[in-house]
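All remarks here apply to the structure that follows.
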Amino acid sequence: MSQAVANKKNRPKYLNLTALLFEIRLPVAGWVSILHRISGALLFVATLWLLFMLDRSLASARDFAFVVHYLQLWPVKLALLVVIWAFCHHFCAGIRFLLLETQRGWDKKSARLSSIIVLVAGVVLTIVFGARLW
Amino acid sequence: MVTRIVVGAHYGWRDWLVQRVTAVVMAIYSVVLAGILLVGPPVDYDVWHALFAQGWMRVATLLFAASVAWHMWIGVRDILMDYVKPVGLRLALQVFVVVVIAGYLGWTIQILWR
């Protein structure tokens, strides 16, 4: 126990900003994981906005027309595209985590492959839904 | 040999399970809704309004919203536990998040049963 404490004191730390940004490279599964967290946080914030649009779109025909018009503005479209990506990535990565937790795809090769599939699927689904929106 | 002392009332395990069950509920709802919108006629106000006027759709959406709320709470709480170390600040942020999520849920109910 005292040995552990002593080691803890002497443990080298290498977590400065340069190291985080340029030197420590995440494996692809790590990217899926941190993006799952970032997209989740983003969706928590975006829910306010999405509820605003749901509220207006169901209020009356005039308000619905306003939302449709509002969604034509390019900054709004861009923001919605980011939210769509966050949803798609969170969705795909979540399914991957559920599969991993039920002991599927545990070997290094399939885990890496499923990570790549999730990253690509998130972007492809965003393009598909984005194209329909545009 | 590591001696582990297991304490607590398994709150972590319950939250872990809840997060997965709510995830499945949300996934099913999302796929069904996307299917309805893709297969059905182009969405104008009448189509949109008629969809959310149906009882089953309102209940399904409420179930979805409740799942979002619970899932969101566990997720955001985990993020706060990982990155915000001062206890007072973390507690304040957690209270804020709870209030926001409760507001989201209340607003959703108000939108659905207007």
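Ligands are numbered from 1 in the order shown, residues from 1 within each chain, and chains are lettered A, B, ... in the order they appear in the structure tokens.
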Hey, could you make a per-residue contact list for chain B against chain A with 9 Å as the cut-off, showing the nearest pair of atoms and its distance in Å to one decimal, counting only C-alpha atoms, sorted by chain and number, as a tab-separated table?
```
residue	atom	partner	partner_atom	distance
B:Arg20	CA	A:Leu98	CA	7.6
B:Ala23	CA	A:Gly94	CA	7.7
B:Val24	CA	A:Ile95	CA	8.8
B:Ala27	CA	A:Phe91	CA	7.2
B:Asp44	CA	A:Phe64	CA	8.2
B:Tyr45	CA	A:Ala61	CA	5.7
B:Asp46	CA	A:Ala61	CA	7.9
B:Trp48	CA	A:Leu58	CA	7.4
B:His49	CA	A:Leu58	CA	5.9
B:Phe52	CA	A:Leu58	CA	8.1
B:Met72	CA	A:Phe44	CA	6.7
B:Gly75	CA	A:Gly40	CA	7.4
B:Val76	CA	A:Ala41	CA	6.7
B:Ile79	CA	A:Arg37	CA	7.8
B:Val100	CA	A:Leu48	CA	9.0
B:Ile101	CA	A:Phe44	CA	8.6
B:Tyr104	CA	A:Leu48	CA	7.1
B:Trp107	CA	A:Leu51	CA	7.7
B:Thr108	CA	A:Leu51	CA	7.2
B:Gln110	CA	A:Asp55	CA	8.8
B:Ile111	CA	A:Asp55	CA	5.7
B:Leu112	CA	A:Leu58	CA	8.6
B:Arg114	CA	A:Ala59	CA	8.5
```
Write out the residues from the selection above, keeping C-alpha atoms, as a compact mmCIF listing (two decimals), in the first residue's frame.
```txt
# COMPACT_ATOMS: atom_id res chain seq x y z
CA ARG B 20 -29.35 0.71 -22.30
CA ALA B 23 -31.48 3.53 -25.70
CA VAL B 24 -33.36 0.61 -27.25
CA ALA B 27 -33.78 3.54 -31.32
CA ASP B 44 -47.00 19.27 -44.93
CA TYR B 45 -48.81 20.72 -41.94
CA ASP B 46 -51.89 18.51 -42.28
CA TRP B 48 -47.58 16.40 -39.60
CA HIS B 49 -50.43 17.57 -37.38
CA PHE B 52 -49.20 13.80 -33.74
CA MET B 72 -29.80 12.17 -20.86
CA GLY B 75 -25.16 10.58 -19.65
CA VAL B 76 -24.72 14.22 -18.63
CA ILE B 79 -19.76 13.67 -18.02
CA VAL B 100 -33.43 21.61 -17.60
CA ILE B 101 -34.38 17.98 -18.30
CA TYR B 104 -37.78 19.54 -21.51
CA TRP B 107 -42.59 21.17 -22.49
CA THR B 108 -42.91 17.97 -24.54
CA GLN B 110 -47.46 20.49 -23.27
CA ILE B 111 -46.67 20.28 -27.00
CA LEU B 112 -48.26 16.85 -27.34
CA ARG B 114 -52.15 21.12 -26.46
```
Which one is closest to Ser114 of chain A: A:Val28, A:Val82, A:Leu20, A:Val76? Count only C-alpha atoms.
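Closest to Ser114 of chain A, using only C-alpha atoms: A:Val28.
Atom pair atom CA of Ser67 of chain B / atom CA of Trp106 of chain A: separated by 28.2 Å.
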Do you know which residues are at most 8 Å from His90 of chain A counting only C-alpha atoms, after dropping those on the same chain fewer than 3 positions away, and could you put them as a ChimeraX atom specification?
/A:35-36,39-40,86-87,93-94
What lies within 10 Å of Ala65 of chain B using only C-alpha atoms, ignoring chain neighbours under 3 positions off, as a PyMOL selection string?
chain B and resi 22+25-26+59-62+68-71+104-106+108-109
Generate a file of the selected residues that holds C-alpha atoms, formatted as a short mmCIF file (atom, residue, chain, number, x, y, z; two decimals), in the first residue's frame.
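That gives us result.cif:
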```cif
data_model
loop_
_atom_site.label_atom_id
_atom_site.label_comp_id
_atom_site.auth_asym_id
_atom_site.auth_seq_id
_atom_site.Cartn_x
_atom_site.Cartn_y
_atom_site.Cartn_z
CA THR B 22 -33.95 3.62 -22.81
CA VAL B 25 -36.72 2.40 -26.80
CA MET B 26 -35.35 5.53 -28.48
CA VAL B 59 -48.11 7.99 -26.08
CA ALA B 60 -45.17 6.64 -28.14
CA THR B 61 -43.65 10.11 -28.27
CA LEU B 62 -44.12 10.55 -24.54
CA VAL B 68 -34.54 10.68 -23.62
CA ALA B 69 -34.89 12.43 -20.27
CA TRP B 70 -33.68 9.48 -18.19
CA HIS B 71 -30.90 8.53 -20.66
CA TYR B 104 -37.78 19.54 -21.51
CA LEU B 105 -40.15 16.79 -20.43
CA GLY B 106 -42.82 19.22 -19.26
CA THR B 108 -42.91 17.97 -24.54
CA ILE B 109 -46.09 17.01 -22.69
#
```
Long-range neighbours of Lys77 of chain A as a ChimeraX atom specification, 9 Å cut-off, only C-alpha atoms, 4 positions minimum in chain:
/A:70-73,81-82,130,133-134
Between atom CA of Ile84 of chain A and atom CA of Leu42 of chain A, what distance in Å does the model show, to one decimal?
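Value for the atom CA of Ile84 of chain A-atom CA of Leu42 of chain A distance: 10.6 Å.
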